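Contents: one structure, followed by commentary.
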Amino acid sequence: MSPTLLPLADTPAIDASATAFVLLCSSLVLLMTPGLALFYGGMTRAKSVLNMMMMSFGAMGVVGVIYVLWGYSMSFGGANIGGIIGNPFENFGLKGVVGDATGATLDANGTAVIDVFGSGAWIPEVLFVGFQLTFAIITVALISGAIADRVKFSTWLVFSAFWVTLAYFPIAHMVWGGGLLSGSADGISAMIFGATDGAANILPIDFAGGTVVHINAGMAGLVLALIVGKRLGFGKTAMRPHNVPLVMLGAGLLWFGWFGFNAGSELAADGVASLVWVNTTVATCAAILGWLVVEKLRDGHATSVGAASGVVAGLVAITPACGALSPLGSIVLGAVAGVLAALAVGLKFRFGYDDSLDVVGVHLVAGIWGTVGAGLLATSGGLFYGDGPKQLVVQIVIALASIVVSGIVTAIIGLALKATMGWRITDDDEVAGIDQGEHAESGYDLVSRGGRLGTTSSGALSHDARHHDELTSEGVKA
């Protein structure tokens, strides 16, 4: 976007309803990261829960600051450097957005504003910054699930800063900021199928972040899992979720916040946002069923963790396509996503990579399917609606481009940090529990509360408590 200063007589007025809607949706998306912390935290072993949750909160701290400094400018600044990135200095520290708003479009009170997709619904530009900031945060946090239990917290924070700068911001610019993967006349789609009146004839479909968020994070998770290596005992020791109710609570919060993620991307409370809400809901419902059917047929049981994972798979898949499908198409997309993701989570055992919490199986696989599936099921342009293969070709191209960019950038950053700071904690810390080694804390104080795992009347540890500590220190039951 390139805001311009309007004459006072033409000064726009802020649309109160659109502004309130985006404020609410921004808050919902921000809630998703603590929700993810609960989801991921419950999926780990008891000795790793705090570190897992801290990785999400750490991402909030790092990315929130960076986005204001140069992230917004790199993603949505007016300059378009090679179709890959915006000028990081153009809006550095939100220059031109708040404070000195020279060159921006201002309302009567001097607030920099932007038009929502040319609809005439003006919202404060700083609000759009806040909304996009929450997307950047959750994307980085998603990656952490692939490397649970075994990496230095300090290395993770440094990685977060470099990765959001060199991978997330460029892909966000390419897809949403008028770059190579957008519908601009200079984008790849226009190069393949031509452009008319400054826009590609076939507009890429990514309504809320299939490429920018999920393919990007999923591919990064795969690369990091390969660079960091397997957990001690992977494939030999059972590493079950320690708190399934926490997993389901986290999934519920993610689903709730996702309405801000998807419907909020319309930036206005209108008919499209309403359709997106319904599509997001029914696709997720169908994905739960798809995942549970696979589990029942394959394993003989439909599990709670499977239902929670199906929620996330459906949400991931519908994210890029939610504004382009009908509710019936969304049900199909979600059901297939649930099946594919349920099958894909087993790939790590077949190929021997340790994607701890199935970031690859859920986010990468369902993200690719949702992005490509839009080329099949979009009511306008979709192959299944008789509009030919052009939309499908564009969707495949933007998915592949996101995979390549994310994979290469993550590999460079990951290997550089491995050679300098190092990724792995010590074997002793990993066995005893990363929570103690990295944070000097425990998620659960089972001894001091007394009772069966408490103290005797003399203050000494009971036999059960001593036995529990021995098992925990050996890494057997923690």
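Chain identifiers are assigned as A, B, and so on, following the order in which chains appear in the structure tokens; residues are numbered from 1 within each chain, and ligands are numbered from 1 in order of appearance.
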
Problem - Distance query Gly221 in chain A at most 7 Å, only C-alpha atoms, self and fewer than 6 positions along chain excluded, as JSON, numbers by chain - result: {"A": [143, 146, 359, 360]}

Keeping N, CA and C atoms for every residue in the selection just given, could you write it to a file as a PDB file, in the first residue's frame?
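To be explicit, this is the file written out as selection.pdb:
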ATOM      1  N   ILE A 143       6.165 -23.123  14.839  1.00  0.00           N
ATOM      2  CA  ILE A 143       7.365 -23.898  14.507  1.00  0.00           C
ATOM      3  C   ILE A 143       7.888 -24.657  15.714  1.00  0.00           C
ATOM      4  N   ALA A 146       7.821 -28.561  16.501  1.00  0.00           N
ATOM      5  CA  ALA A 146       8.644 -29.555  15.800  1.00  0.00           C
ATOM      6  C   ALA A 146       9.921 -29.886  16.538  1.00  0.00           C
ATOM      7  N   VAL A 359       4.019 -30.834  13.643  1.00  0.00           N
ATOM      8  CA  VAL A 359       3.879 -29.590  12.892  1.00  0.00           C
ATOM      9  C   VAL A 359       3.859 -29.870  11.390  1.00  0.00           C
ATOM     10  N   VAL A 360       4.698 -30.799  10.950  1.00  0.00           N
ATOM     11  CA  VAL A 360       4.763 -31.145   9.533  1.00  0.00           C
ATOM     12  C   VAL A 360       3.474 -31.838   9.101  1.00  0.00           C
TER      13      VAL A 360
END

Practice task
Skip Ile84 in chain A itself and residues of its chain fewer than 4 positions away, then list as a list in words all residues within 9 Å of it, counting only C-alpha atoms.
Solution key: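 Those residues are Asn80, Pro170, Ile171, His173, Met174, Gly179, Leu180 and Leu181 of chain A.
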
With the cut-off set at 8 Å and counting only C-alpha atoms, tabulate each residue of range 98-156 of chain A with an atom at most that distance from an atom of range 335-357 of chain A, showing the nearest atom pair and its distance in Å to one decimal, ordered by chain and increasing number, as CSV.
residue,atom,partner,partner_atom,distance
A:Gly145,CA,A:Leu357,CA,5.0
A:Ala146,CA,A:Asp355,CA,4.4
A:Ile147,CA,A:Ser356,CA,6.0
A:Ala148,CA,A:Ser356,CA,5.8

Exercise for the section: For each of A:Leu249, A:Ile202, A:Ala208, A:Ile288, take the minimum atom-to-atom distance to Gly382 in chain A, counting only C-alpha atoms, then give the residue where this is smallest. Expected result: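 Selected residue with least distance to Gly382 in chain A: A:Ile202.
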
Handout entry: One-decimal distance in Å that lies between CA of Leu36 in chain A and CA of Val431 in chain A
Key = 24.6 Å

Write out as JSON lines a residue-level contact list of range 122-214 of chain A versus range 18-23 of chain A with cut-off 10 Å: for each qualifying residue the closest pair of atoms and the distance in Å to one decimal, counting only C-alpha atoms, rows sorted by chain and residue number upward.
{"residue": "A:Trp122", "atom": "CA", "partner": "A:Ala18", "partner_atom": "CA", "distance": 7.6}
{"residue": "A:Ile123", "atom": "CA", "partner": "A:Thr19", "partner_atom": "CA", "distance": 5.4}
{"residue": "A:Pro124", "atom": "CA", "partner": "A:Thr19", "partner_atom": "CA", "distance": 7.4}
{"residue": "A:Leu127", "atom": "CA", "partner": "A:Leu23", "partner_atom": "CA", "distance": 7.0}
{"residue": "A:Phe128", "atom": "CA", "partner": "A:Val22", "partner_atom": "CA", "distance": 7.8}
{"residue": "A:Gly130", "atom": "CA", "partner": "A:Leu23", "partner_atom": "CA", "distance": 8.5}
{"residue": "A:Phe131", "atom": "CA", "partner": "A:Val22", "partner_atom": "CA", "distance": 7.2}

Problem - Sel. of alpha helix (DSSP H) residues, range 150-375 of chain A, as a PyMOL selection string - result: chain A and resi 153-163+169-176+188-193+216-228+244-262+271-299+304-321+327-344+347-351+359+365-375

Handout entry: range 253-263 of chain A surroundings by only C-alpha atoms, 6 Å radius, close-in-sequence under 4 positions cut, as an NGL selection string
Key = :A and (25 or 28-29 or 32 or 35 or 208 or 273 or 276-277)

Exercise for the section: Grab the CA of Ala411 in chain A to CA of Met219 in chain A distance for me, in Å with one decimal place. Expected result: 10.1 Å
